[in-house]
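Coordinates from my_file_19.cif are shown below (mmCIF, N, CA and C atoms, pLDDT in the B column; chains and numbers go by the auth columns).
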data_work
loop_
_atom_site.group_PDB
_atom_site.id
_atom_site.type_symbol
_atom_site.label_atom_id
_atom_site.label_comp_id
_atom_site.label_asym_id
_atom_site.label_seq_id
_atom_site.Cartn_x
_atom_site.Cartn_y
_atom_site.Cartn_z
_atom_site.B_iso_or_equiv
_atom_site.auth_seq_id
_atom_site.auth_asym_id
ATOM 1 N N MET A 1 -33.896 -8.135 -15.045 63.00 221 A
ATOM 2 C CA MET A 1 -34.704 -8.937 -14.162 63.00 221 A
ATOM 3 C C MET A 1 -33.894 -10.155 -13.703 63.00 221 A
ATOM 4 N N ARG A 2 -33.934 -10.433 -12.411 69.00 222 A
ATOM 5 C CA ARG A 2 -33.184 -11.567 -11.878 69.00 222 A
ATOM 6 C C ARG A 2 -33.912 -12.874 -12.124 69.00 222 A
ATOM 7 N N GLU A 3 -33.124 -13.898 -12.363 75.00 223 A
ATOM 8 C CA GLU A 3 -33.696 -15.231 -12.556 75.00 223 A
ATOM 9 C C GLU A 3 -34.015 -15.826 -11.193 75.00 223 A
ATOM 10 N N ARG A 4 -35.192 -16.426 -11.091 68.00 224 A
ATOM 11 C CA ARG A 4 -35.604 -17.039 -9.819 68.00 224 A
ATOM 12 C C ARG A 4 -35.003 -18.422 -9.690 68.00 224 A
ATOM 13 N N LYS A 5 -34.595 -18.761 -8.486 73.00 225 A
ATOM 14 C CA LYS A 5 -34.066 -20.090 -8.217 73.00 225 A
ATOM 15 C C LYS A 5 -35.222 -21.082 -8.204 73.00 225 A
ATOM 16 N N PRO A 6 -34.956 -22.323 -8.590 70.00 226 A
ATOM 17 C CA PRO A 6 -36.028 -23.338 -8.603 70.00 226 A
ATOM 18 C C PRO A 6 -36.733 -23.490 -7.255 70.00 226 A
ATOM 19 N N GLU A 7 -35.982 -23.411 -6.160 71.00 227 A
ATOM 20 C CA GLU A 7 -36.618 -23.565 -4.839 71.00 227 A
ATOM 21 C C GLU A 7 -37.564 -22.416 -4.528 71.00 227 A
ATOM 22 N N HIS A 8 -37.275 -21.234 -5.068 79.00 228 A
ATOM 23 C CA HIS A 8 -38.190 -20.109 -4.866 79.00 228 A
ATOM 24 C C HIS A 8 -39.476 -20.321 -5.661 79.00 228 A
ATOM 25 N N GLU A 9 -39.337 -20.885 -6.846 83.00 229 A
ATOM 26 C CA GLU A 9 -40.519 -21.175 -7.664 83.00 229 A
ATOM 27 C C GLU A 9 -41.407 -22.209 -6.975 83.00 229 A
ATOM 28 N N LEU A 10 -40.781 -23.241 -6.415 83.00 230 A
ATOM 29 C CA LEU A 10 -41.550 -24.280 -5.718 83.00 230 A
ATOM 30 C C LEU A 10 -42.272 -23.709 -4.506 83.00 230 A
ATOM 31 N N THR A 11 -41.580 -22.918 -3.713 86.00 231 A
ATOM 32 C CA THR A 11 -42.232 -22.362 -2.521 86.00 231 A
ATOM 33 C C THR A 11 -43.331 -21.377 -2.903 86.00 231 A
ATOM 34 N N SER A 12 -43.140 -20.666 -4.004 89.00 232 A
ATOM 35 C CA SER A 12 -44.169 -19.752 -4.479 89.00 232 A
ATOM 36 C C SER A 12 -45.431 -20.513 -4.896 89.00 232 A
ATOM 37 N N GLN A 13 -45.241 -21.598 -5.613 91.00 233 A
ATOM 38 C CA GLN A 13 -46.376 -22.435 -6.032 91.00 233 A
ATOM 39 C C GLN A 13 -47.095 -23.005 -4.804 91.00 233 A
ATOM 40 N N LEU A 14 -46.315 -23.481 -3.839 90.00 234 A
ATOM 41 C CA LEU A 14 -46.905 -24.042 -2.618 90.00 234 A
ATOM 42 C C LEU A 14 -47.697 -22.979 -1.865 90.00 234 A
ATOM 43 N N LEU A 15 -47.132 -21.805 -1.738 93.00 235 A
ATOM 44 C CA LEU A 15 -47.816 -20.719 -1.033 93.00 235 A
ATOM 45 C C LEU A 15 -49.153 -20.391 -1.694 93.00 235 A
ATOM 46 N N ARG A 16 -49.169 -20.314 -3.025 95.00 236 A
ATOM 47 C CA ARG A 16 -50.414 -19.999 -3.731 95.00 236 A
ATOM 48 C C ARG A 16 -51.472 -21.073 -3.526 95.00 236 A
ATOM 49 N N SER A 17 -51.081 -22.334 -3.691 95.00 237 A
ATOM 50 C CA SER A 17 -52.088 -23.395 -3.576 95.00 237 A
ATOM 51 C C SER A 17 -52.545 -23.572 -2.127 95.00 237 A
ATOM 52 N N ALA A 18 -51.614 -23.477 -1.179 94.00 238 A
ATOM 53 C CA ALA A 18 -51.980 -23.682 0.232 94.00 238 A
ATOM 54 C C ALA A 18 -52.894 -22.573 0.749 94.00 238 A
ATOM 55 N N THR A 19 -52.611 -21.329 0.388 96.00 239 A
ATOM 56 C CA THR A 19 -53.473 -20.243 0.865 96.00 239 A
ATOM 57 C C THR A 19 -54.830 -20.272 0.166 96.00 239 A
ATOM 58 N N SER A 20 -54.877 -20.837 -1.025 97.00 240 A
ATOM 59 C CA SER A 20 -56.138 -20.960 -1.747 97.00 240 A
ATOM 60 C C SER A 20 -57.096 -21.916 -1.043 97.00 240 A
ATOM 61 N N VAL A 21 -56.548 -22.905 -0.344 97.00 241 A
ATOM 62 C CA VAL A 21 -57.397 -23.864 0.379 97.00 241 A
ATOM 63 C C VAL A 21 -58.264 -23.110 1.383 97.00 241 A
ATOM 64 N N GLY A 22 -57.628 -22.349 2.247 96.00 242 A
ATOM 65 C CA GLY A 22 -58.367 -21.603 3.269 96.00 242 A
ATOM 66 C C GLY A 22 -59.329 -20.593 2.684 96.00 242 A
ATOM 67 N N ALA A 23 -58.901 -19.923 1.630 97.00 243 A
ATOM 68 C CA ALA A 23 -59.761 -18.917 0.993 97.00 243 A
ATOM 69 C C ALA A 23 -61.028 -19.559 0.429 97.00 243 A
ATOM 70 N N ASN A 24 -60.878 -20.720 -0.196 97.00 244 A
ATOM 71 C CA ASN A 24 -62.053 -21.383 -0.770 97.00 244 A
ATOM 72 C C ASN A 24 -62.965 -21.963 0.308 97.00 244 A
ATOM 73 N N ILE A 25 -62.397 -22.434 1.403 97.00 245 A
ATOM 74 C CA ILE A 25 -63.232 -22.906 2.512 97.00 245 A
ATOM 75 C C ILE A 25 -64.014 -21.735 3.098 97.00 245 A
ATOM 76 N N GLU A 26 -63.347 -20.607 3.244 96.00 246 A
ATOM 77 C CA GLU A 26 -64.023 -19.402 3.751 96.00 246 A
ATOM 78 C C GLU A 26 -65.156 -18.985 2.813 96.00 246 A
ATOM 79 N N GLU A 27 -64.903 -19.019 1.521 96.00 247 A
ATOM 80 C CA GLU A 27 -65.939 -18.670 0.552 96.00 247 A
ATOM 81 C C GLU A 27 -67.089 -19.676 0.576 96.00 247 A
ATOM 82 N N ALA A 28 -66.764 -20.950 0.801 96.00 248 A
ATOM 83 C CA ALA A 28 -67.813 -21.970 0.863 96.00 248 A
ATOM 84 C C ALA A 28 -68.800 -21.662 1.985 96.00 248 A
ATOM 85 N N GLY A 29 -68.263 -21.179 3.107 94.00 249 A
ATOM 86 C CA GLY A 29 -69.123 -20.829 4.237 94.00 249 A
ATOM 87 C C GLY A 29 -70.107 -19.715 3.913 94.00 249 A
ATOM 88 N N ALA A 30 -69.741 -18.903 2.946 94.00 250 A
ATOM 89 C CA ALA A 30 -70.612 -17.794 2.534 94.00 250 A
ATOM 90 C C ALA A 30 -71.323 -18.118 1.220 94.00 250 A
ATOM 91 N N GLY A 31 -71.311 -19.394 0.848 89.00 251 A
ATOM 92 C CA GLY A 31 -71.935 -19.800 -0.412 89.00 251 A
ATOM 93 C C GLY A 31 -73.409 -19.424 -0.469 89.00 251 A
ATOM 94 N N GLN A 32 -73.861 -19.116 -1.659 93.00 252 A
ATOM 95 C CA GLN A 32 -75.245 -18.679 -1.825 93.00 252 A
ATOM 96 C C GLN A 32 -76.209 -19.833 -2.040 93.00 252 A
ATOM 97 N N SER A 33 -75.663 -21.014 -2.242 96.00 253 A
ATOM 98 C CA SER A 33 -76.512 -22.189 -2.428 96.00 253 A
ATOM 99 C C SER A 33 -75.707 -23.429 -2.046 96.00 253 A
ATOM 100 N N ARG A 34 -76.392 -24.545 -1.929 96.00 254 A
ATOM 101 C CA ARG A 34 -75.709 -25.803 -1.626 96.00 254 A
ATOM 102 C C ARG A 34 -74.727 -26.140 -2.749 96.00 254 A
ATOM 103 N N ARG A 35 -75.132 -25.897 -3.962 96.00 255 A
ATOM 104 C CA ARG A 35 -74.266 -26.173 -5.113 96.00 255 A
ATOM 105 C C ARG A 35 -72.998 -25.319 -5.062 96.00 255 A
ATOM 106 N N ASP A 36 -73.143 -24.047 -4.717 96.00 256 A
ATOM 107 C CA ASP A 36 -72.003 -23.141 -4.588 96.00 256 A
ATOM 108 C C ASP A 36 -71.079 -23.613 -3.462 96.00 256 A
ATOM 109 N N PHE A 37 -71.662 -24.016 -2.341 97.00 257 A
ATOM 110 C CA PHE A 37 -70.908 -24.525 -1.192 97.00 257 A
ATOM 111 C C PHE A 37 -70.070 -25.734 -1.605 97.00 257 A
ATOM 112 N N ILE A 38 -70.699 -26.696 -2.272 97.00 258 A
ATOM 113 C CA ILE A 38 -70.004 -27.914 -2.706 97.00 258 A
ATOM 114 C C ILE A 38 -68.913 -27.588 -3.715 97.00 258 A
ATOM 115 N N SER A 39 -69.189 -26.672 -4.609 97.00 259 A
ATOM 116 C CA SER A 39 -68.205 -26.273 -5.622 97.00 259 A
ATOM 117 C C SER A 39 -66.956 -25.688 -4.977 97.00 259 A
ATOM 118 N N LYS A 40 -67.155 -24.792 -4.011 97.00 260 A
ATOM 119 C CA LYS A 40 -66.008 -24.162 -3.347 97.00 260 A
ATOM 120 C C LYS A 40 -65.209 -25.190 -2.551 97.00 260 A
ATOM 121 N N LEU A 41 -65.884 -26.112 -1.884 97.00 261 A
ATOM 122 C CA LEU A 41 -65.161 -27.146 -1.141 97.00 261 A
ATOM 123 C C LEU A 41 -64.413 -28.077 -2.082 97.00 261 A
ATOM 124 N N SER A 42 -64.981 -28.327 -3.243 98.00 262 A
ATOM 125 C CA SER A 42 -64.310 -29.153 -4.243 98.00 262 A
ATOM 126 C C SER A 42 -63.024 -28.478 -4.723 98.00 262 A
ATOM 127 N N ILE A 43 -63.096 -27.183 -4.942 97.00 263 A
ATOM 128 C CA ILE A 43 -61.906 -26.429 -5.356 97.00 263 A
ATOM 129 C C ILE A 43 -60.863 -26.470 -4.238 97.00 263 A
ATOM 130 N N ALA A 44 -61.307 -26.313 -2.996 98.00 264 A
ATOM 131 C CA ALA A 44 -60.382 -26.355 -1.854 98.00 264 A
ATOM 132 C C ALA A 44 -59.672 -27.706 -1.794 98.00 264 A
ATOM 133 N N ARG A 45 -60.410 -28.770 -2.042 98.00 265 A
ATOM 134 C CA ARG A 45 -59.800 -30.106 -2.026 98.00 265 A
ATOM 135 C C ARG A 45 -58.752 -30.248 -3.139 98.00 265 A
ATOM 136 N N LYS A 46 -59.063 -29.736 -4.314 98.00 266 A
ATOM 137 C CA LYS A 46 -58.101 -29.782 -5.423 98.00 266 A
ATOM 138 C C LYS A 46 -56.842 -28.989 -5.086 98.00 266 A
ATOM 139 N N GLU A 47 -57.011 -27.839 -4.457 97.00 267 A
ATOM 140 C CA GLU A 47 -55.859 -27.029 -4.062 97.00 267 A
ATOM 141 C C GLU A 47 -55.048 -27.736 -2.979 97.00 267 A
ATOM 142 N N ALA A 48 -55.718 -28.434 -2.074 97.00 268 A
ATOM 143 C CA ALA A 48 -55.005 -29.203 -1.047 97.00 268 A
ATOM 144 C C ALA A 48 -54.193 -30.325 -1.696 97.00 268 A
ATOM 145 N N ASN A 49 -54.782 -30.981 -2.692 97.00 269 A
ATOM 146 C CA ASN A 49 -54.050 -32.016 -3.420 97.00 269 A
ATOM 147 C C ASN A 49 -52.838 -31.424 -4.139 97.00 269 A
ATOM 148 N N GLU A 50 -53.016 -30.256 -4.715 96.00 270 A
ATOM 149 C CA GLU A 50 -51.890 -29.591 -5.388 96.00 270 A
ATOM 150 C C GLU A 50 -50.800 -29.235 -4.381 96.00 270 A
ATOM 151 N N SER A 51 -51.200 -28.764 -3.201 95.00 271 A
ATOM 152 C CA SER A 51 -50.226 -28.432 -2.155 95.00 271 A
ATOM 153 C C SER A 51 -49.436 -29.665 -1.750 95.00 271 A
ATOM 154 N N ARG A 52 -50.132 -30.785 -1.619 94.00 272 A
ATOM 155 C CA ARG A 52 -49.460 -32.042 -1.278 94.00 272 A
ATOM 156 C C ARG A 52 -48.441 -32.414 -2.366 94.00 272 A
ATOM 157 N N TYR A 53 -48.811 -32.197 -3.621 95.00 273 A
ATOM 158 C CA TYR A 53 -47.896 -32.461 -4.734 95.00 273 A
ATOM 159 C C TYR A 53 -46.626 -31.623 -4.594 95.00 273 A
ATOM 160 N N TRP A 54 -46.777 -30.310 -4.349 91.00 274 A
ATOM 161 C CA TRP A 54 -45.612 -29.437 -4.222 91.00 274 A
ATOM 162 C C TRP A 54 -44.755 -29.852 -3.039 91.00 274 A
ATOM 163 N N LEU A 55 -45.379 -30.253 -1.933 89.00 275 A
ATOM 164 C CA LEU A 55 -44.614 -30.695 -0.769 89.00 275 A
ATOM 165 C C LEU A 55 -43.812 -31.957 -1.088 89.00 275 A
ATOM 166 N N ARG A 56 -44.446 -32.896 -1.796 90.00 276 A
ATOM 167 C CA ARG A 56 -43.719 -34.115 -2.182 90.00 276 A
ATOM 168 C C ARG A 56 -42.566 -33.783 -3.117 90.00 276 A
ATOM 169 N N LEU A 57 -42.794 -32.897 -4.053 90.00 277 A
ATOM 170 C CA LEU A 57 -41.746 -32.503 -4.983 90.00 277 A
ATOM 171 C C LEU A 57 -40.577 -31.861 -4.237 90.00 277 A
ATOM 172 N N MET A 58 -40.884 -30.998 -3.285 86.00 278 A
ATOM 173 C CA MET A 58 -39.842 -30.363 -2.497 86.00 278 A
ATOM 174 C C MET A 58 -39.093 -31.392 -1.655 86.00 278 A
ATOM 175 N N ARG A 59 -39.829 -32.304 -1.047 86.00 279 A
ATOM 176 C CA ARG A 59 -39.202 -33.362 -0.254 86.00 279 A
ATOM 177 C C ARG A 59 -38.268 -34.199 -1.126 86.00 279 A
ATOM 178 N N ASP A 60 -38.747 -34.618 -2.276 87.00 280 A
ATOM 179 C CA ASP A 60 -37.940 -35.451 -3.162 87.00 280 A
ATOM 180 C C ASP A 60 -36.723 -34.701 -3.678 87.00 280 A
ATOM 181 N N ALA A 61 -36.868 -33.425 -3.950 83.00 281 A
ATOM 182 C CA ALA A 61 -35.738 -32.625 -4.411 83.00 281 A
ATOM 183 C C ALA A 61 -34.680 -32.532 -3.325 83.00 281 A
ATOM 184 N N MET A 62 -35.110 -32.385 -2.085 79.00 282 A
ATOM 185 C CA MET A 62 -34.153 -32.323 -0.978 79.00 282 A
ATOM 186 C C MET A 62 -33.430 -33.657 -0.815 79.00 282 A
ATOM 187 N N LEU A 63 -34.139 -34.764 -1.025 63.00 283 A
ATOM 188 C CA LEU A 63 -33.493 -36.069 -0.947 63.00 283 A
ATOM 189 C C LEU A 63 -32.427 -36.194 -2.018 63.00 283 A
ATOM 190 N N LEU A 64 -32.732 -35.700 -3.211 61.00 284 A
ATOM 191 C CA LEU A 64 -31.747 -35.750 -4.290 61.00 284 A
ATOM 192 C C LEU A 64 -30.536 -34.890 -3.968 61.00 284 A
ATOM 193 N N ILE A 65 -30.768 -33.724 -3.422 67.00 285 A
ATOM 194 C CA ILE A 65 -29.664 -32.833 -3.060 67.00 285 A
ATOM 195 C C ILE A 65 -28.821 -33.482 -1.978 67.00 285 A
ATOM 196 N N THR A 66 -29.458 -34.058 -0.954 64.00 286 A
ATOM 197 C CA THR A 66 -28.740 -34.717 0.121 64.00 286 A
ATOM 198 C C THR A 66 -27.919 -35.876 -0.411 64.00 286 A
ATOM 199 N N THR A 67 -28.494 -36.669 -1.286 61.00 287 A
ATOM 200 C CA THR A 67 -27.785 -37.802 -1.888 61.00 287 A
ATOM 201 C C THR A 67 -26.595 -37.316 -2.697 61.00 287 A
ATOM 202 N N TRP A 68 -26.782 -36.256 -3.463 61.00 288 A
ATOM 203 C CA TRP A 68 -25.717 -35.714 -4.307 61.00 288 A
ATOM 204 C C TRP A 68 -24.512 -35.300 -3.442 61.00 288 A
ATOM 205 N N HIS A 69 -24.771 -34.653 -2.297 62.00 289 A
ATOM 206 C CA HIS A 69 -23.685 -34.167 -1.444 62.00 289 A
ATOM 207 C C HIS A 69 -22.940 -35.294 -0.744 62.00 289 A
ATOM 208 N N ARG A 70 -23.546 -36.460 -0.637 60.00 290 A
ATOM 209 C CA ARG A 70 -22.882 -37.593 0.003 60.00 290 A
ATOM 210 C C ARG A 70 -21.869 -38.252 -0.927 60.00 290 A
ATOM 211 N N ILE A 71 -22.054 -38.069 -2.237 54.00 291 A
ATOM 212 C CA ILE A 71 -21.185 -38.742 -3.206 54.00 291 A
ATOM 213 C C ILE A 71 -19.794 -38.130 -3.210 54.00 291 A
#

Represent the structure of the file as structure tokens.
Amino acid sequence: MRERKPEHELTSQLLRSATSVGANIEEAGAGQSRRDFISKLSIARKEANESRYWLRLMRDAMLLITTWHRI
């Protein structure tokens, strides 16, 4: 089995959390109750926050790589 590069792991995590946002919003629209609707939107918000985290991590990693190559 091949070892995955760190950047592939980061993009994989981002893909999972980002696509989960839309899926949970879609499910919220089909919610069976107000409570179910709110729950699904809450999950979507958490996934959006997680996506933002992965994007920041990727951005910061690129800054470190860019800085390293300048030295």

- stretch 260-274 of chain A surroundings by all atoms listed in the file, 7 Å radius, close-in-sequence under 4 positions cut, as a PyMOL selection string: chain A and resi 230+233-234+237-238+240-242+244-245+247-248+255-256+278-279

Centre and edge lengths, as JSON, for the axis-aligned box enclosing every listed atom of stretch 268-285 of chain A with 5 Å of padding on each of the six sides, in Å to one decimal?
{"center_x": -42.3, "center_y": -32.3, "center_z": -2.8, "size_x": 36.9, "size_y": 17.8, "size_z": 15.1}

- What does the distance between atom N of A:Arg276 and atom CA of A:Leu235 come to in Å, to one decimal place?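 Atom CA of A:Leu235 lies 12.7 Å from atom N of A:Arg276.
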
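For the pair atom C of A:Leu277 and atom CA of A:Lys225, the separation is 14.0 Å.
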
- Separation of atom C of A:Ser259 from atom N of A:Thr239 in Å: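 For atom N of A:Thr239 relative to atom C of A:Ser259, the distance reads 15.9 Å.
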